[in-house]
Structure formats: C-alpha cells, structure tokens
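Visitor: Structure: run-v6.txt, compact mmCIF, C-alpha atoms.
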# COMPACT_ATOMS: atom_id res chain seq x y z
CA MET A 27 -5.57 -31.19 -0.83
CA ALA A 28 -3.38 -29.29 -3.03
CA LYS A 29 -0.26 -30.66 -4.49
CA ILE A 30 3.23 -29.48 -3.65
CA ARG A 31 6.35 -30.25 -5.58
CA LEU A 32 9.32 -29.80 -3.32
CA ARG A 33 13.02 -30.23 -3.90
CA ALA A 34 16.03 -29.59 -1.70
CA LYS A 35 19.47 -29.90 -3.19
CA LEU A 36 22.85 -29.50 -1.51
CA LYS A 37 25.69 -27.95 -3.45
CA GLY A 38 28.85 -26.34 -2.08
CA GLY A 39 27.49 -26.24 1.48
CA ILE A 40 24.32 -24.42 0.47
CA THR A 41 20.95 -26.09 0.25
CA THR A 42 18.59 -24.73 -2.37
CA VAL A 43 14.92 -25.36 -1.73
CA LYS A 44 12.48 -25.09 -4.61
CA ALA A 45 8.75 -25.44 -4.23
CA LEU A 46 5.80 -25.35 -6.57
CA ILE A 47 2.44 -25.25 -4.83
CA LYS A 48 -0.80 -25.90 -6.64
CA HIS A 49 -3.16 -23.16 -5.50
CA PRO A 50 -5.62 -20.77 -7.25
CA MET A 51 -4.28 -17.62 -5.48
CA GLU A 52 -7.56 -15.79 -6.09
CA ARG A 53 -7.67 -12.07 -5.39
CA PRO A 54 -10.26 -10.56 -3.09
CA SER A 55 -12.63 -8.75 -5.43
CA ILE A 56 -16.15 -7.49 -5.94
CA ASP A 57 -18.47 -9.78 -7.89
CA LYS A 58 -21.17 -8.87 -10.43
CA ASP A 59 -23.73 -8.13 -7.73
CA GLY A 60 -21.39 -5.80 -5.89
CA ASN A 61 -20.63 -8.19 -3.06
CA PRO A 62 -17.05 -8.35 -1.93
CA THR A 63 -15.47 -11.79 -2.09
CA PRO A 64 -12.60 -12.65 0.21
CA GLY A 65 -10.60 -14.39 -2.50
CA HIS A 66 -8.65 -17.54 -1.88
CA PHE A 67 -4.93 -17.23 -1.43
CA ILE A 68 -2.04 -18.52 0.61
CA THR A 69 -1.13 -16.22 3.50
CA GLU A 70 1.72 -18.09 5.13
CA VAL A 71 4.42 -20.43 3.98
CA LYS A 72 6.86 -21.98 6.40
CA CYS A 73 9.87 -24.13 5.70
CA GLU A 74 11.59 -26.23 8.30
CA HIS A 75 14.96 -27.92 8.22
CA ASN A 76 15.14 -30.76 10.76
CA ASP A 77 12.15 -29.24 12.63
CA LYS A 78 13.76 -25.78 12.83
CA VAL A 79 12.15 -22.97 10.84
CA VAL A 80 14.62 -21.56 8.30
CA MET A 81 12.23 -19.45 6.26
CA SER A 82 8.71 -18.16 6.72
CA ALA A 83 6.87 -16.07 4.21
CA LEU A 84 3.81 -13.85 4.44
CA TRP A 85 1.95 -13.53 1.19
CA SER A 86 -0.83 -11.47 -0.28
CA SER A 87 -2.88 -12.47 -3.29
CA GLY A 88 -0.21 -10.71 -5.38
CA VAL A 89 1.74 -13.93 -5.66
CA SER A 90 0.97 -15.72 -8.93
CA GLN A 91 -1.34 -18.68 -9.30
CA ASN A 92 0.38 -21.99 -8.52
CA PRO A 93 3.13 -20.19 -6.63
CA PHE A 94 6.78 -20.94 -7.15
CA LEU A 95 9.30 -20.28 -4.43
CA ALA A 96 13.03 -20.80 -4.12
CA PHE A 97 15.45 -19.91 -1.35
CA LYS A 98 18.79 -21.04 0.05
CA PHE A 99 20.22 -21.89 3.43
CA LYS A 100 23.48 -23.10 4.95
CA GLY A 101 24.04 -26.02 7.28
CA GLY A 102 22.01 -28.70 5.55
CA ALA A 103 23.33 -32.22 5.03
CA LYS A 104 22.31 -34.93 2.62
CA GLY A 105 19.37 -36.90 3.99
CA ASP A 106 18.20 -34.09 6.30
CA LYS A 107 14.47 -33.44 6.44
CA VAL A 108 13.01 -30.36 4.78
CA LYS A 109 9.34 -29.66 5.36
CA LEU A 110 7.20 -27.01 3.71
CA THR A 111 3.82 -26.00 5.11
CA TRP A 112 1.34 -23.47 3.75
CA THR A 113 -1.84 -21.96 5.17
CA ASP A 114 -4.41 -20.00 3.17
CA ASN A 115 -7.03 -17.42 4.12
CA LYS A 116 -9.74 -20.10 4.28
CA GLY A 117 -7.74 -22.03 6.85
CA GLU A 118 -6.75 -24.79 4.48
CA THR A 119 -3.25 -26.12 4.81
CA GLY A 120 -0.87 -28.35 2.93
CA SER A 121 2.56 -29.71 3.63
CA LYS A 122 5.24 -31.84 2.12
CA LYS A 123 8.46 -33.39 3.39
CA VAL A 124 11.53 -34.27 1.39
CA LYS A 125 15.11 -35.27 2.11
CA ILE A 126 18.03 -33.10 1.00
CA LYS A 127 19.72 -34.60 -2.03
CA MET B 6 13.92 20.60 45.18
CA ASN B 7 10.62 20.24 43.43
CA LEU B 8 11.83 20.93 39.92
CA PRO B 9 14.56 18.30 39.62
CA ARG B 10 12.17 15.75 41.06
CA ARG B 11 9.58 16.63 38.44
CA ALA B 12 12.16 16.51 35.67
CA PHE B 13 13.36 13.17 36.98
CA LEU B 14 9.85 11.73 37.00
CA LYS B 15 9.24 13.01 33.50
CA GLY B 16 12.41 11.35 32.35
CA VAL B 17 11.44 8.04 33.92
CA LEU B 18 8.00 8.16 32.35
CA ALA B 19 9.38 9.01 28.94
CA THR B 20 11.98 6.25 28.87
CA GLY B 21 9.55 3.78 30.44
CA GLY B 22 7.04 4.57 27.74
CA ALA B 23 9.64 4.25 25.03
CA MET B 24 10.74 0.91 26.41
CA ALA B 25 7.20 -0.45 26.51
CA PHE B 26 6.70 0.75 22.96
CA GLY B 27 10.01 -0.78 21.97
CA THR B 28 8.99 -4.23 23.12
CA THR B 29 5.74 -4.15 21.22
CA VAL B 30 7.43 -3.26 17.94
CA LEU B 31 10.39 -5.62 18.27
CA PRO B 32 11.27 -7.36 15.01
CA GLN B 33 8.81 -10.09 14.23
CA ALA B 34 9.86 -13.59 15.15
CA VAL B 35 10.55 -15.92 12.27
CA MET B 36 6.96 -17.14 12.35
CA ALA B 37 4.91 -13.98 12.64
CA ASP B 38 1.19 -13.41 12.42
CA TRP B 39 -0.14 -12.25 9.09
CA PRO B 40 0.21 -8.45 9.29
CA LYS B 41 -3.22 -7.37 8.08
CA THR B 42 -2.47 -3.65 8.11
CA ALA B 43 0.62 -4.12 5.96
CA PHE B 44 -1.42 -6.02 3.41
CA GLU B 45 -4.19 -3.42 3.51
CA ALA B 46 -1.78 -0.56 2.86
CA LYS B 47 -2.37 1.19 -0.43
CA THR B 48 1.05 2.77 -0.87
CA VAL B 49 4.62 1.58 -0.58
CA ASP B 50 5.32 3.87 2.39
CA GLU B 51 2.23 2.70 4.27
CA ALA B 52 3.16 -0.92 3.74
CA LEU B 53 6.71 -0.29 4.94
CA THR B 54 5.51 1.58 7.99
CA ALA B 55 3.18 -1.30 8.88
CA LEU B 56 5.90 -3.90 8.36
CA PHE B 57 8.97 -2.19 9.74
CA THR B 58 7.47 0.81 11.60
CA SER B 59 9.33 3.19 9.31
CA PRO B 60 9.28 3.91 5.57
CA ASP B 61 12.88 5.14 5.62
CA THR B 62 15.22 2.98 3.59
CA GLN B 63 18.75 3.30 2.35
CA LYS B 64 19.62 2.89 -1.27
CA THR B 65 22.17 0.22 -2.01
CA ASP B 66 23.68 -1.53 -4.98
CA LYS B 67 24.06 -4.72 -2.97
CA ILE B 68 20.56 -5.87 -3.86
CA THR B 69 20.15 -7.51 -7.25
CA ILE B 70 16.66 -7.83 -8.69
CA ILE B 71 16.29 -10.08 -11.67
CA ALA B 72 12.98 -9.51 -13.42
CA PRO B 73 12.06 -9.04 -17.08
CA ASP B 74 12.21 -5.51 -18.54
CA ILE B 75 8.97 -6.23 -20.34
CA ALA B 76 6.46 -8.70 -18.96
CA GLU B 77 3.94 -9.86 -21.53
CA ASN B 78 1.73 -11.37 -18.90
CA GLY B 79 1.30 -9.40 -15.70
CA ALA B 80 -0.21 -12.44 -13.99
CA VAL B 81 3.13 -14.21 -13.87
CA VAL B 82 6.23 -12.07 -13.48
CA PRO B 83 9.30 -13.97 -12.30
CA VAL B 84 11.31 -12.09 -9.68
CA GLU B 85 14.65 -13.15 -8.26
CA VAL B 86 16.24 -11.21 -5.42
CA THR B 87 19.80 -11.59 -4.21
CA ALA B 88 20.90 -9.45 -1.29
CA ASP B 89 24.65 -9.36 -0.89
CA LEU B 90 24.37 -8.13 2.70
CA SER B 91 25.23 -9.79 5.98
CA LYS B 92 22.55 -10.87 8.47
CA VAL B 93 19.60 -10.64 6.13
CA GLU B 94 16.48 -10.90 8.28
CA SER B 95 13.76 -10.39 5.72
CA ILE B 96 13.03 -9.55 2.11
CA ALA B 97 9.81 -7.78 1.11
CA ILE B 98 8.59 -7.55 -2.47
CA ILE B 99 6.26 -4.69 -3.38
CA SER B 100 4.59 -3.96 -6.70
CA GLU B 101 3.56 -0.30 -6.77
CA LYS B 102 0.47 -0.48 -8.98
CA ASN B 103 -1.20 -3.49 -7.39
CA PRO B 104 -4.45 -3.11 -5.43
CA VAL B 105 -2.45 -4.69 -2.61
CA PRO B 106 1.07 -3.35 -3.17
CA LEU B 107 2.77 -5.61 -0.66
CA VAL B 108 3.14 -8.91 -2.47
CA ALA B 109 5.21 -10.95 -0.08
CA GLN B 110 7.54 -10.79 2.84
CA PHE B 111 10.07 -13.54 3.42
CA ASN B 112 11.59 -13.91 6.88
CA PHE B 113 14.81 -15.81 7.30
CA ALA B 114 16.56 -17.65 10.09
CA ASP B 115 20.25 -16.91 10.73
CA ASN B 116 21.52 -19.65 8.45
CA ALA B 117 19.42 -18.69 5.44
CA GLU B 118 20.97 -16.82 2.52
CA GLY B 119 19.67 -13.46 1.34
CA TYR B 120 18.07 -14.98 -1.70
CA VAL B 121 14.55 -15.58 -2.86
CA LYS B 122 12.89 -16.35 -6.16
CA THR B 123 9.18 -16.33 -6.85
CA ARG B 124 6.53 -15.27 -9.34
CA ILE B 125 4.23 -12.33 -8.75
CA LYS B 126 1.25 -10.57 -10.30
CA MET B 127 1.63 -6.99 -11.50
CA GLY B 128 -1.31 -4.65 -12.08
CA GLY B 129 0.51 -2.52 -14.63
CA THR B 130 3.83 -1.03 -15.65
CA SER B 131 5.57 0.03 -12.47
CA ASP B 132 8.56 -0.46 -10.26
CA ILE B 133 9.11 -3.57 -8.24
CA VAL B 134 10.37 -2.36 -4.90
CA VAL B 135 12.45 -4.75 -2.86
CA VAL B 136 13.12 -3.90 0.76
CA VAL B 137 15.72 -5.93 2.59
CA LYS B 138 16.15 -5.83 6.34
CA ALA B 139 19.71 -6.69 7.23
CA ASP B 140 21.40 -6.24 10.58
CA GLY B 141 18.51 -4.06 11.75
CA LYS B 142 18.73 -1.65 8.81
CA LEU B 143 16.42 -1.26 5.84
CA TYR B 144 17.75 -1.25 2.31
CA ALA B 145 15.74 -0.74 -0.86
CA ALA B 146 16.19 -1.34 -4.55
CA ARG B 147 13.89 -0.86 -7.52
CA LYS B 148 13.43 -2.38 -10.92
CA ASN B 149 11.00 -1.09 -13.51
CA VAL B 150 8.92 -3.66 -15.37
CA LYS B 151 6.75 -2.81 -18.35
CA VAL B 152 3.56 -4.84 -18.28
CA THR B 153 1.64 -5.24 -21.51
CA VAL B 154 -1.31 -7.17 -20.03
CA GLY B 155 -2.18 -6.50 -16.40
CA GLY B 156 -2.53 -9.41 -14.03
CA CYS B 157 -4.86 -7.94 -11.48
CA GLY B 158 -8.03 -7.38 -13.49
CA GLY B 159 -9.37 -10.89 -13.25
Output the file's structure in the form of structure tokens.
Guide:
Amino acid sequence: MAKIRLRAKLKGGITTVKALIKHPMERPSIDKDGNPTPGHFITEVKCEHNDKVVMSALWSSGVSQNPFLAFKFKGGAKGDKVKLTWTDNKGETGSKKVKIK
Amino acid sequence: MNLPRRAFLKGVLATGGAMAFGTTVLPQAVMADWPKTAFEAKTVDEALTALFTSPDTQKTDKITIIAPDIAENGAVVPVEVTADLSKVESIAIISEKNPVPLVAQFNFADNAEGYVKTRIKMGGTSDIVVVVKADGKLYAARKNVKVTVGGCGG
C-alpha cells in the first residue's frame, strides 16, 4: 500500500542502506469526545541481506511521519538482494527489494 | 549433617532460580517482539529497564550524536548516531519529553555497523538520549536539542 524508496550502495566494503517509507506515523491520542485512538504507526522494520536479517528496528509513534532510515553493514556485494519490510500497529505491512549498487 | 544439606539445597534453589530467570531475560534475538512495556514507559529509566533489564549505563565519548542544536520543527528532528564501539548489538533513541520517551530501538546483526540515521518527533526542548548496547554492556550519550515548535501536540 504504502510506498518505499529503498537504496543500497556499496562503497569501501560497507553497504549503506537508505529507506524512505511513506506512512502517516500517527500518535495514539484522545479525540474530541474523549475516546482514546490507537494511532497508526509502524512498529517493526526489518532489513534482510540475501535473506539474512541484518537490522531490525522497533519503533514507537515518536518516529517522524514518512520515516527515513539509514544504516550500514559489511559483507555485501554488488547485485546482492536487500529487502526491507515494515509492519504497523494495524497489521498492515509493506516491503521492497533492491539490488546493491 | 542437617545444616549443610539445607545450605546446599538453598544454594541449588537460588542458582536454579537465577538460571531460569537468566534465560527469560536473555538478549532479544535480532527479530524481537514489540516490547509493549518499554514503549509504555514514561521515563528514560523505566524504558531502559524494560528494554535491557537495567537502567545503569556507562558514559562514553565513543558515541557521536548528530542532531541540530535548535530544531524549528519538533515533528521532524534528524538524528544520526555513530557508535565507535565493537560488537554493537543495538542502538536505542529516547527523547525525554515525549509522551512515549522511547522512540526507536535498532537491533543489529554481527556484520552491521554501529550507525543509524533517522528522523524523530520531539515534544519539547530536551535531551536526546542514545543508549548503545555493545559487547553486553550499556553505554549512553546525550545531546540537548532546543525545540521551538513541539511535534507531539497534533
């Protein structure tokens, strides 16, 4: 549903992964009538390199809207698969695969 | 004869209990369940206790936090963390004044670098606390950010 922009670039033996996920990242809050709303935010982000998890993140709604994420890992090679998957508190998920450049 | 036996039994029970406890609080695997209690914690210490079972951290200058001194918009505060430590297992980012102080926890596999960059919301001027778990130890660093418009109101 939501869009992900994902890039993985190899430089000097280190692969840098950058991701931009389109997501509202709504905080849980209390609406005008005093009813609590659960919000709508990503709780888990997982990144795999050739089907092996290299990074997994646990998020609260404190991460900004349309979250940006970057991290680095060793051992990647050009053409390897990098896959990013997210899950939010409503059970929606999104994923994207790219090759390391 | 009775006393040593009793002492021995006590010892067995104590270590057995500690071992059982130890297994339940072993470091989370790379893909862990969402720790609800950690995200419900209202203070930095509570969040750390829920995440790592202890709020005790060591200060270090090996953690670099790059964030603006003054953030005009608290809804989007860029934060970059570099931990110059070996065997970095996880990096947690906490914003003290947020309704949910624990913003994010990043868990890394062995081949990942101690680096993460993201954008967070900040409820007001406060410290960003970064806690890095490396080689089984907890290290912390802080960076104060002045927020002119809070990002948690709505």
Visitor: When you count only C-alpha atoms, which of these residues is closest to B:Thr87: B:Thr48, B:Thr69, B:Thr42, B:Asn112?
Guide: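 Closest to B:Thr87, using only C-alpha atoms: B:Thr69.
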Visitor: Give as a PyMOL selection string every residue of chain A that touches chain B within 7 Å, counting only C-alpha atoms.
Guide: chain A and resi 69+79-86+88-90+93-101
Visitor: Find the distance between atom CA of A:Pro64 and atom CA of A:Glu118 and write it in Å to one decimal.
Guide: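 Spanning atom CA of A:Pro64 to atom CA of A:Glu118 is a straight-line distance of 14.1 Å.
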Visitor: Just checking: using all atoms listed in the file, which residue out of B:Ile71, B:Leu90, B:Glu77, B:Glu51 ends up closest to B:Lys142?
Guide: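 Between B:Ile71, B:Leu90, B:Glu77, B:Glu51, the residue approaching B:Lys142 most closely is B:Leu90.
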Visitor: In Å, with one decimal, what is the gap from atom CA of A:Asp106 to atom CA of B:Ala139?
Guide: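 Between atom CA of A:Asp106 and atom CA of B:Ala139 the gap is 27.5 Å.
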Visitor: Using only C-alpha atoms, determine which residues lie at most 7 Å from A:Lys125, disregarding the query and same-chain residues fewer than 2 positions distant; provide the list as a ChimeraX atom specification.
Guide: /A:34,105-108,127
Visitor: Just how far from atom CA of A:His75 is atom CA of A:Gly38, in Å to one decimal?
Guide: 17.4 Å
Visitor: List the spatial neighbours of A:His49 as a PyMOL selection string - criterion: any atom at most 8 Å away, all atoms listed in the file, same-chain residues fewer than 6 positions off excluded.
Guide: chain A and resi 28+67-68+91-93
Visitor: Could you give me, as a PyMOL selection string, the residues within 12 Å of B:Asp66, counting all atoms listed in the file and dropping anything in the same chain fewer than 5 positions from it?
Guide: chain B and resi 87-90+135+137+144-148
Visitor: Can you tell me, as a CSV table (one decimal) with C-alpha atoms, in the coordinates of the input, which residues sit within 6 Å of (-5.4, -13.3, -1.3) in the file's frame, using only C-alpha atoms?
Guide:
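Below is the file part-v7.csv, written as the result:
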chain,number,residue,atom,x,y,z
A,52,GLU,CA,-7.6,-15.8,-6.1
A,53,ARG,CA,-7.7,-12.1,-5.4
A,54,PRO,CA,-10.3,-10.6,-3.1
A,65,GLY,CA,-10.6,-14.4,-2.5
A,66,HIS,CA,-8.6,-17.5,-1.9
A,67,PHE,CA,-4.9,-17.2,-1.4
A,86,SER,CA,-0.8,-11.5,-0.3
A,87,SER,CA,-2.9,-12.5,-3.3
Visitor: Show which residues sit within 7 Å of B:Val152, as a VMD selection string. Count only C-alpha atoms, and ignore same-chain residues fewer than 6 positions away.
Guide: chain B and resid 75 to 79 129 to 130
Visitor: Adding 3 Å on each side of the box along x, y and z that holds all listed atoms of stretch 112-126 of chain B, could you give its centre and edge lengths in Å to one decimal, as JSON?
Guide:
{"center_x": 11.4, "center_y": -15.1, "center_z": 0.2, "size_x": 26.3, "size_y": 15.1, "size_z": 27.0}
Visitor: Using all atoms listed in the file, find the one residue out of A:Lys35, A:Lys109, A:Lys44, A:Lys123 that sits nearest to A:Lys78.
Guide: A:Lys109
Visitor: Quick one: everything within 6 Å of stretch 119-122 of chain A, counting only C-alpha atoms, minus sequence neighbours fewer than 2 positions away in the same chain. Send it as a PyMOL selection string.
Guide: chain A and resi 109-113
